[in-house]
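This report concerns only the one structure given below.
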Amino acid sequence: MAVLMTSPMHSYIEEELDKRFNLFKLWHFPSFAAFAQAHGASVRAVVGSIKVGVDAATIDSLPNLEIVSTYSVGYDHIDLRKCRERGIPVTNTPNVLTDDVADLAIALALSLFCTISHSPRRNPAPHLTPKLSGKSVGIIGLGRIGMAIAKRAEAFGCPISYHSRSVKAESGYRYYSNVLDLAADSEVLVVACTLTEETRHIVNRGVMDALGPKGILINIARGPHVDEPELVSALTEGRLGGAGLDVFEKEPEVREELLRLENVVLTPHVGTDTVETCMAMGDLVIANLEAHFLGKPLVSPII
Ligand SMILES: O=CC(=O)O
């Protein structure tokens, strides 16, 4: 059974896939075209990642492709339209990574408020920072990850508000039907929604200005949610207080200006990169592939 991995992942998933399948690692080939010509017809499953997704051209080059399983919760890098057209199911890795991503959101906020990551180089003189506890937190997207962030922020005594496609009355948090109002009433704005055409640049200049010079933006979702040139201007001009970013508009590139700014804390898209979570994600990818090949219901299907 031939399975194609699109990019290097954690060694655990590579080893476990290798034990069960005839595993092809795309990065061992000079190009996708070279791979497809030699082995494309044998591939029955693709394991994609946020680094190298699965686009229409890839799907078209694999005539016997039966399933796409992404080693991620997000699936904006998979051409779902094409998969639907070909009747190819797609699975992702929800739930198992929720805690880690929520932990990172809080870590970025704490790092900014307490200037943990760069206080020695920045402040030779005593310097007071704002506290995180009690700050109003606005969350864009109250799904699994948004909710986990809310629970953690609640433990810091932070009042929680949110914006999402639908009202989640059971959460007990304050709902805003538009992001601008949410930002205006928040001291920390966290992006935790799925990337779609509707949510691309959901954090635009107006939202940054509404968040204001003391406001902190945290993005642990996807880079294109935020208009990055506008973010750089807002941070440089002091219209926005700070930003904690795990994701960037054109990964793996990071804008030079962001690297230089002092009111910014950056991590290189590592929201799910703990040993335990990477192993659990690997297990879920494999469970989906095995279910598919045994004709059983998929564990975590998207389509
Ligand atoms: O970004 C990480 C993921 O989507 O799992």
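Following the order of the structure tokens, first chain is A, next is B, and so on, with residues numbered from 1 inside each chain and ligands from 1 in the order they appear.
Listed by chain and then residue number, the contacts of ligand 1 are Ser72, Val73 and Gly74 of chain A (distance at most 6 Å, using only C-alpha atoms and all ligand atoms).
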Okay, now the selection with C-alpha atoms, as a tab-separated table (two decimals), in the first residue's frame?
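Ended up saving to result_26.tsv:
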chain	number	residue	atom	x	y	z
A	72	SER	CA	-2.69	19.17	11.29
A	73	VAL	CA	-6.02	20.41	12.50
A	74	GLY	CA	-6.14	23.17	9.86
Legend entry - Who sits within 12 Å of Phe29 (chain A), only C-alpha atoms, same chain under 5 positions skipped, as a ChimeraX atom specification: /A:4-7,24,34-39
Store the residues picked out above, limited to N, CA, C and O atoms, as a compact mmCIF listing (two decimals), in the first residue's frame.
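Saved as out15.txt:
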# COMPACT_ATOMS: atom_id res chain seq x y z
N LEU A 4 2.22 8.52 0.42
CA LEU A 4 3.17 9.60 0.17
C LEU A 4 3.10 10.63 1.29
O LEU A 4 2.03 11.14 1.61
N MET A 5 4.26 10.92 1.90
CA MET A 5 4.35 12.03 2.86
C MET A 5 4.89 13.23 2.12
O MET A 5 5.88 13.13 1.41
N THR A 6 4.27 14.41 2.35
CA THR A 6 4.67 15.57 1.55
C THR A 6 5.85 16.34 2.13
O THR A 6 6.50 17.09 1.43
N SER A 7 6.10 16.19 3.44
CA SER A 7 7.22 16.92 4.06
C SER A 7 7.68 16.17 5.31
O SER A 7 6.92 15.35 5.84
N PHE A 24 6.60 6.66 0.75
CA PHE A 24 7.43 7.54 -0.08
C PHE A 24 7.54 8.89 0.60
O PHE A 24 6.54 9.45 1.05
N ALA A 34 9.09 14.45 -10.81
CA ALA A 34 9.94 13.25 -10.91
C ALA A 34 9.32 12.12 -10.09
O ALA A 34 9.28 10.95 -10.53
N PHE A 35 8.81 12.47 -8.90
CA PHE A 35 8.17 11.45 -8.07
C PHE A 35 6.94 10.87 -8.78
O PHE A 35 6.77 9.66 -8.89
N ALA A 36 6.10 11.79 -9.29
CA ALA A 36 4.82 11.37 -9.87
C ALA A 36 5.05 10.45 -11.08
O ALA A 36 4.34 9.46 -11.26
N GLN A 37 6.06 10.80 -11.86
CA GLN A 37 6.33 9.99 -13.05
C GLN A 37 6.74 8.56 -12.66
O GLN A 37 6.27 7.58 -13.23
N ALA A 38 7.56 8.47 -11.61
CA ALA A 38 8.06 7.15 -11.21
C ALA A 38 7.03 6.36 -10.40
O ALA A 38 6.91 5.14 -10.55
N HIS A 39 6.31 7.04 -9.49
CA HIS A 39 5.49 6.29 -8.51
C HIS A 39 4.05 6.77 -8.38
O HIS A 39 3.29 6.19 -7.60
DSSP-assigned helix (DSSP H, G or I) among region 90-269 of chain A, expressed as a JSON list (two decimals) with C-alpha atoms, in the first residue's frame:
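Once everything was written out, this is out_1.json:
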[["chain", "number", "residue", "atom", "x", "y", "z"],
["A", 98, "THR", "CA", -6.03, 21.74, 21.40],
["A", 99, "ASP", "CA", -4.23, 22.06, 24.75],
["A", 100, "ASP", "CA", -0.85, 22.84, 23.24],
["A", 101, "VAL", "CA", -2.14, 25.59, 20.96],
["A", 102, "ALA", "CA", -4.12, 27.15, 23.82],
["A", 103, "ASP", "CA", -1.07, 26.93, 26.09],
["A", 104, "LEU", "CA", 1.01, 28.74, 23.49],
["A", 105, "ALA", "CA", -1.56, 31.53, 23.15],
["A", 106, "ILE", "CA", -1.32, 32.17, 26.89],
["A", 107, "ALA", "CA", 2.48, 31.84, 26.83],
["A", 108, "LEU", "CA", 2.73, 34.49, 24.11],
["A", 109, "ALA", "CA", 0.44, 36.82, 26.06],
["A", 110, "LEU", "CA", 2.39, 36.31, 29.28],
["A", 111, "SER", "CA", 5.64, 36.77, 27.44],
["A", 112, "LEU", "CA", 4.49, 40.11, 26.06],
["A", 113, "PHE", "CA", 2.94, 41.42, 29.24],
["A", 119, "SER", "CA", 13.69, 41.96, 29.20],
["A", 120, "PRO", "CA", 17.48, 41.75, 29.76],
["A", 121, "ARG", "CA", 18.42, 43.23, 26.40],
["A", 122, "ARG", "CA", 15.61, 45.73, 26.47],
["A", 144, "ARG", "CA", -12.22, 23.83, 20.35],
["A", 145, "ILE", "CA", -9.02, 25.88, 20.50],
["A", 146, "GLY", "CA", -10.78, 29.21, 21.16],
["A", 147, "MET", "CA", -12.68, 27.62, 24.02],
["A", 148, "ALA", "CA", -9.51, 26.14, 25.53],
["A", 149, "ILE", "CA", -7.87, 29.58, 25.39],
["A", 150, "ALA", "CA", -10.94, 31.10, 27.07],
["A", 151, "LYS", "CA", -10.77, 28.56, 29.92],
["A", 152, "ARG", "CA", -7.11, 29.31, 30.52],
["A", 153, "ALA", "CA", -7.65, 33.09, 30.36],
["A", 154, "GLU", "CA", -10.56, 32.75, 32.79],
["A", 155, "ALA", "CA", -8.14, 31.22, 35.28],
["A", 169, "ALA", "CA", -24.83, 30.76, 24.29],
["A", 170, "GLU", "CA", -23.77, 27.75, 26.39],
["A", 171, "SER", "CA", -20.28, 29.29, 26.82],
["A", 179, "VAL", "CA", -14.74, 41.92, 15.12],
["A", 180, "LEU", "CA", -14.32, 45.70, 15.25],
["A", 181, "ASP", "CA", -16.53, 46.01, 18.32],
["A", 182, "LEU", "CA", -14.87, 42.98, 19.91],
["A", 183, "ALA", "CA", -11.43, 44.56, 19.39],
["A", 184, "ALA", "CA", -12.60, 47.93, 20.76],
["A", 205, "ARG", "CA", -6.09, 48.16, 10.07],
["A", 206, "GLY", "CA", -9.48, 49.12, 11.53],
["A", 207, "VAL", "CA", -9.41, 46.18, 13.96],
["A", 208, "MET", "CA", -5.84, 46.99, 15.03],
["A", 209, "ASP", "CA", -6.78, 50.63, 15.62],
["A", 210, "ALA", "CA", -9.82, 49.54, 17.61],
["A", 211, "LEU", "CA", -7.60, 47.32, 19.78],
["A", 223, "GLY", "CA", -0.80, 34.13, 9.25],
["A", 224, "PRO", "CA", -3.19, 35.36, 6.54],
["A", 225, "HIS", "CA", -5.80, 36.18, 9.19],
["A", 228, "GLU", "CA", 0.87, 41.89, 8.08],
["A", 229, "PRO", "CA", 2.06, 45.12, 6.43],
["A", 230, "GLU", "CA", -0.67, 46.92, 8.40],
["A", 231, "LEU", "CA", 0.44, 45.09, 11.55],
["A", 232, "VAL", "CA", 4.01, 46.27, 11.08],
["A", 233, "SER", "CA", 2.79, 49.88, 10.59],
["A", 234, "ALA", "CA", 0.49, 49.72, 13.62],
["A", 235, "LEU", "CA", 3.26, 48.35, 15.84],
["A", 236, "THR", "CA", 5.88, 50.75, 14.51],
["A", 256, "GLU", "CA", 12.36, 41.53, 8.67],
["A", 257, "GLU", "CA", 10.55, 44.37, 10.48],
["A", 258, "LEU", "CA", 8.78, 41.92, 12.80],
["A", 259, "LEU", "CA", 12.13, 40.45, 13.81],
["A", 260, "ARG", "CA", 13.41, 43.88, 14.77]]
Inset, instruction - Provide the CA of Asp79 (chain A) to CA of Ser42 (chain A) distance in Å, to one decimal place. - result: 20.6 Å
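Using only C-alpha atoms, the residues found no farther than 6 Å from region 81-88 of chain A, other than those of its own chain fewer than 4 positions away, are Ala56, Glu66 and Ile67 of chain A.
Closest approach to Thr267 (chain A) among A:Ile202, A:Ala192, A:Ile220, A:Met279: A:Ile220, based on only C-alpha atoms.
Nearest to Val285 (chain A) of all the residues A:Glu14, A:Glu237, A:Asp273, A:Glu249 is A:Glu14, counting only C-alpha atoms.
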Inset, instruction - Considering only C-alpha atoms, state which residue in the set A:Leu17, A:Val190, A:Leu62, A:Ala57 is at the smallest distance from Gly138 (chain A). - result: A:Val190
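Computed from the coordinates, the CA of Ala45 (chain A) to CA of Phe293 (chain A) distance equals 9.7 Å.
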